[in-house]
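Asks: Just dropping this structure here.
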Number of protein chains: 2
Amino acid sequence: MKTRILVRLKPGVLDPQGRAVHHSLDHLGFDGVEDVRIGRMIEMDLADGTSRETIDAMCRQLLANMVIEDYAIEILDDAGNPVGEPA
Amino acid sequence: MKTRILVRLKPGVLDPQGRAVHHSLDHLGFDGVEDVRIGRMIEMDLADGTSRETIDAMCRQLLANMVIEDYAIEILDDAGNPVGEPA
């Protein structure tokens, strides 16, 4: 079961990496960039039927820092496209 | 225009960060994890109508290392859900 976890900083948390990228895009001449935020993507191949609770536990214990980050869980089809959330 | 860039290592490129996370998940007692790959997510707020070519140029020049990484571009709706690729 292909699973994708998207980890992003909570709203309001300063993102110095995003600011640096924003600054670099401006410097390279790309206009119209209003905001940049950087996060992590974790793609896992899990045993079929792995529960939402188990994946939540992985996120809380290891994959995300719940103090400053939020996460979203997506289940992917074989082509890598999101088909929903876990049961 | 909310845009999400997903940057992942090309298939076959060694992912030591993914291996470390995989090892840690095993160690924490999570069974059934078969593979873990770590990538980056860049979420940008761009001017409406920014072309696919412009976003491609951002990726090639700054956001992705084309030697070892691939990227995918998603346009998001206001709720942050993918609604397709840029025109």
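By order of appearance in the structure tokens: chains A, B, ..., then residues from 1 within every chain, and ligands from 1 in the order shown.
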Can you list every residue in chain A that DSSP puts in strand (DSSP E or B), as a PyMOL selection string?

Replies: chain A and resi 2-9+33-46+69-76+82-84

Asks: Taking only C-alpha atoms into account, what are the residues of chain B at most 9 Å from chain A, put as a PDB file with C-alpha atoms, in the first residue's frame?

Replies:
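Below is the file part-v7.pdb, written as the result:
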ATOM      1  CA  LEU B   6       7.000  17.499  -5.016  1.00  0.00           C
ATOM      2  CA  VAL B   7      10.690  16.712  -5.379  1.00  0.00           C
ATOM      3  CA  ARG B   8      11.822  13.112  -5.032  1.00  0.00           C
ATOM      4  CA  GLY B  18      14.853   7.113   3.966  1.00  0.00           C
ATOM      5  CA  VAL B  21      13.647   6.460   8.901  1.00  0.00           C
ATOM      6  CA  HIS B  22      12.846   2.886   7.811  1.00  0.00           C
ATOM      7  CA  SER B  24      13.761   3.781  13.114  1.00  0.00           C
ATOM      8  CA  LEU B  25      10.206   2.681  12.272  1.00  0.00           C
ATOM      9  CA  LEU B  28       9.806   1.511  17.183  1.00  0.00           C
ATOM     10  CA  PHE B  30       6.044  -0.737  13.285  1.00  0.00           C
ATOM     11  CA  ASP B  31       5.794  -3.897  11.188  1.00  0.00           C
ATOM     12  CA  GLY B  32       5.093  -4.138   7.508  1.00  0.00           C
ATOM     13  CA  VAL B  33       7.102  -1.141   6.354  1.00  0.00           C
ATOM     14  CA  GLU B  34       8.614  -2.232   3.057  1.00  0.00           C
ATOM     15  CA  ASP B  35      10.202   0.931   1.729  1.00  0.00           C
ATOM     16  CA  VAL B  36      10.655   4.564   2.752  1.00  0.00           C
ATOM     17  CA  ARG B  37      11.756   7.429   0.516  1.00  0.00           C
ATOM     18  CA  ILE B  38      12.090  11.013   1.639  1.00  0.00           C
ATOM     19  CA  GLY B  39      11.490  13.987  -0.600  1.00  0.00           C
ATOM     20  CA  ARG B  40      10.716  17.685  -0.406  1.00  0.00           C
ATOM     21  CA  MET B  41       7.474  19.577  -0.760  1.00  0.00           C
ATOM     22  CA  ILE B  42       7.578  23.206  -1.861  1.00  0.00           C
ATOM     23  CA  GLU B  43       4.287  25.090  -1.601  1.00  0.00           C
ATOM     24  CA  MET B  44       4.201  28.427  -3.411  1.00  0.00           C
ATOM     25  CA  ASP B  45       1.646  31.123  -3.876  1.00  0.00           C
ATOM     26  CA  LEU B  46       2.185  32.321  -7.452  1.00  0.00           C
ATOM     27  CA  ALA B  47       0.562  35.009  -9.563  1.00  0.00           C
ATOM     28  CA  ASP B  48      -2.541  33.688 -11.341  1.00  0.00           C
ATOM     29  CA  THR B  50       1.910  31.589 -14.135  1.00  0.00           C
ATOM     30  CA  THR B  54       7.882  29.305 -15.764  1.00  0.00           C
ATOM     31  CA  MET B  58      11.988  27.455 -11.288  1.00  0.00           C
ATOM     32  CA  GLN B  61      17.161  26.315 -11.903  1.00  0.00           C
ATOM     33  CA  LEU B  62      16.609  26.168  -8.162  1.00  0.00           C
ATOM     34  CA  LEU B  63      14.092  23.806  -6.599  1.00  0.00           C
TER      35      LEU B  63
END

Asks: Using only C-alpha atoms, which protein or nucleic acid residues come within 10 Å of Leu9 in chain B? Drop anything in the same chain fewer than 5 positions from it, and give the result as an MDAnalysis selection string.

Replies: chainID B and resid 14:15 37:40 64:71

Asks: Let's have the selection written as a PDB file, in the first residue's frame, with N, CA and C atoms.

Replies:
ATOM      1  N   LEU B  14      20.409   6.228  -4.136  1.00  0.00           N
ATOM      2  CA  LEU B  14      20.419   5.822  -2.737  1.00  0.00           C
ATOM      3  C   LEU B  14      19.812   6.922  -1.859  1.00  0.00           C
ATOM      4  N   ASP B  15      18.975   6.512  -0.895  1.00  0.00           N
ATOM      5  CA  ASP B  15      18.302   7.470  -0.019  1.00  0.00           C
ATOM      6  C   ASP B  15      18.637   7.152   1.441  1.00  0.00           C
ATOM      7  N   ARG B  37      10.974   6.456   1.280  1.00  0.00           N
ATOM      8  CA  ARG B  37      11.756   7.429   0.516  1.00  0.00           C
ATOM      9  C   ARG B  37      11.354   8.816   0.994  1.00  0.00           C
ATOM     10  N   ILE B  38      12.351   9.666   1.149  1.00  0.00           N
ATOM     11  CA  ILE B  38      12.090  11.013   1.639  1.00  0.00           C
ATOM     12  C   ILE B  38      12.291  12.025   0.513  1.00  0.00           C
ATOM     13  N   GLY B  39      11.373  12.936   0.404  1.00  0.00           N
ATOM     14  CA  GLY B  39      11.490  13.987  -0.600  1.00  0.00           C
ATOM     15  C   GLY B  39      11.141  15.338  -0.004  1.00  0.00           C
ATOM     16  N   ARG B  40      11.057  16.339  -0.860  1.00  0.00           N
ATOM     17  CA  ARG B  40      10.716  17.685  -0.406  1.00  0.00           C
ATOM     18  C   ARG B  40       9.384  18.118  -1.003  1.00  0.00           C
ATOM     19  N   ALA B  64      14.936  21.832  -7.761  1.00  0.00           N
ATOM     20  CA  ALA B  64      15.312  20.422  -7.837  1.00  0.00           C
ATOM     21  C   ALA B  64      16.716  20.292  -8.405  1.00  0.00           C
ATOM     22  N   ASN B  65      17.408  19.272  -7.981  1.00  0.00           N
ATOM     23  CA  ASN B  65      18.701  18.913  -8.556  1.00  0.00           C
ATOM     24  C   ASN B  65      18.447  17.860  -9.624  1.00  0.00           C
ATOM     25  N   MET B  66      18.413  18.289 -10.892  1.00  0.00           N
ATOM     26  CA  MET B  66      17.956  17.400 -11.956  1.00  0.00           C
ATOM     27  C   MET B  66      18.866  16.195 -12.176  1.00  0.00           C
ATOM     28  N   VAL B  67      20.069  16.218 -11.613  1.00  0.00           N
ATOM     29  CA  VAL B  67      20.968  15.068 -11.768  1.00  0.00           C
ATOM     30  C   VAL B  67      20.426  13.866 -11.000  1.00  0.00           C
ATOM     31  N   ILE B  68      19.893  14.129  -9.813  1.00  0.00           N
ATOM     32  CA  ILE B  68      19.466  13.008  -8.970  1.00  0.00           C
ATOM     33  C   ILE B  68      17.990  13.072  -8.577  1.00  0.00           C
ATOM     34  N   GLU B  69      17.296  14.135  -8.977  1.00  0.00           N
ATOM     35  CA  GLU B  69      15.915  14.294  -8.514  1.00  0.00           C
ATOM     36  C   GLU B  69      14.935  14.513  -9.666  1.00  0.00           C
ATOM     37  N   ASP B  70      13.697  14.059  -9.460  1.00  0.00           N
ATOM     38  CA  ASP B  70      12.573  14.379 -10.324  1.00  0.00           C
ATOM     39  C   ASP B  70      11.627  15.304  -9.566  1.00  0.00           C
ATOM     40  N   TYR B  71      10.766  15.994 -10.312  1.00  0.00           N
ATOM     41  CA  TYR B  71       9.765  16.819  -9.638  1.00  0.00           C
ATOM     42  C   TYR B  71       8.413  16.662 -10.311  1.00  0.00           C
TER      43      TYR B  71
END

Asks: Among range 36-74 of chain B, which residues does DSSP mark as helix (DSSP H, G or I) when it is run on the backbone? Keep the chain and numbering as in the structure and answer as a ChimeraX atom specification.

Replies: /B:52-63

Asks: Now that the selection is made, can you save its residues with N, CA and C atoms as a tab-separated table (two decimals), in the first residue's frame?

Replies:
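Produced file again39.tsv, reproduced below:
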chain	number	residue	atom	x	y	z
B	52	ARG	N	3.21	26.86	-17.02
B	52	ARG	CA	3.95	25.63	-16.78
B	52	ARG	C	5.45	25.84	-17.07
B	53	GLU	N	5.75	26.56	-18.13
B	53	GLU	CA	7.15	26.77	-18.51
B	53	GLU	C	7.90	27.52	-17.41
B	54	THR	N	7.24	28.53	-16.83
B	54	THR	CA	7.88	29.30	-15.76
B	54	THR	C	8.15	28.43	-14.54
B	55	ILE	N	7.15	27.62	-14.18
B	55	ILE	CA	7.33	26.77	-13.00
B	55	ILE	C	8.40	25.71	-13.26
B	56	ASP	N	8.40	25.17	-14.49
B	56	ASP	CA	9.47	24.23	-14.87
B	56	ASP	C	10.84	24.87	-14.71
B	57	ALA	N	10.95	26.13	-15.13
B	57	ALA	CA	12.24	26.83	-15.04
B	57	ALA	C	12.65	27.01	-13.59
B	58	MET	N	11.67	27.35	-12.71
B	58	MET	CA	11.99	27.46	-11.29
B	58	MET	C	12.55	26.13	-10.75
B	59	CYS	N	11.91	25.04	-11.16
B	59	CYS	CA	12.35	23.72	-10.66
B	59	CYS	C	13.75	23.40	-11.16
B	60	ARG	N	13.95	23.61	-12.46
B	60	ARG	CA	15.24	23.23	-13.03
B	60	ARG	C	16.37	24.10	-12.51
B	61	GLN	N	16.09	25.40	-12.29
B	61	GLN	CA	17.16	26.31	-11.90
B	61	GLN	C	17.43	26.32	-10.40
B	62	LEU	N	16.41	26.00	-9.60
B	62	LEU	CA	16.61	26.17	-8.16
B	62	LEU	C	16.04	25.04	-7.30
B	63	LEU	N	14.80	24.62	-7.59
B	63	LEU	CA	14.09	23.81	-6.60
B	63	LEU	C	14.50	22.34	-6.60

Asks: Please, what distance in Å, to one decimal, runs between CA of Ala20 in chain B and CA of Pro16 in chain A?

Replies: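 So the answer is 25.0 Å.
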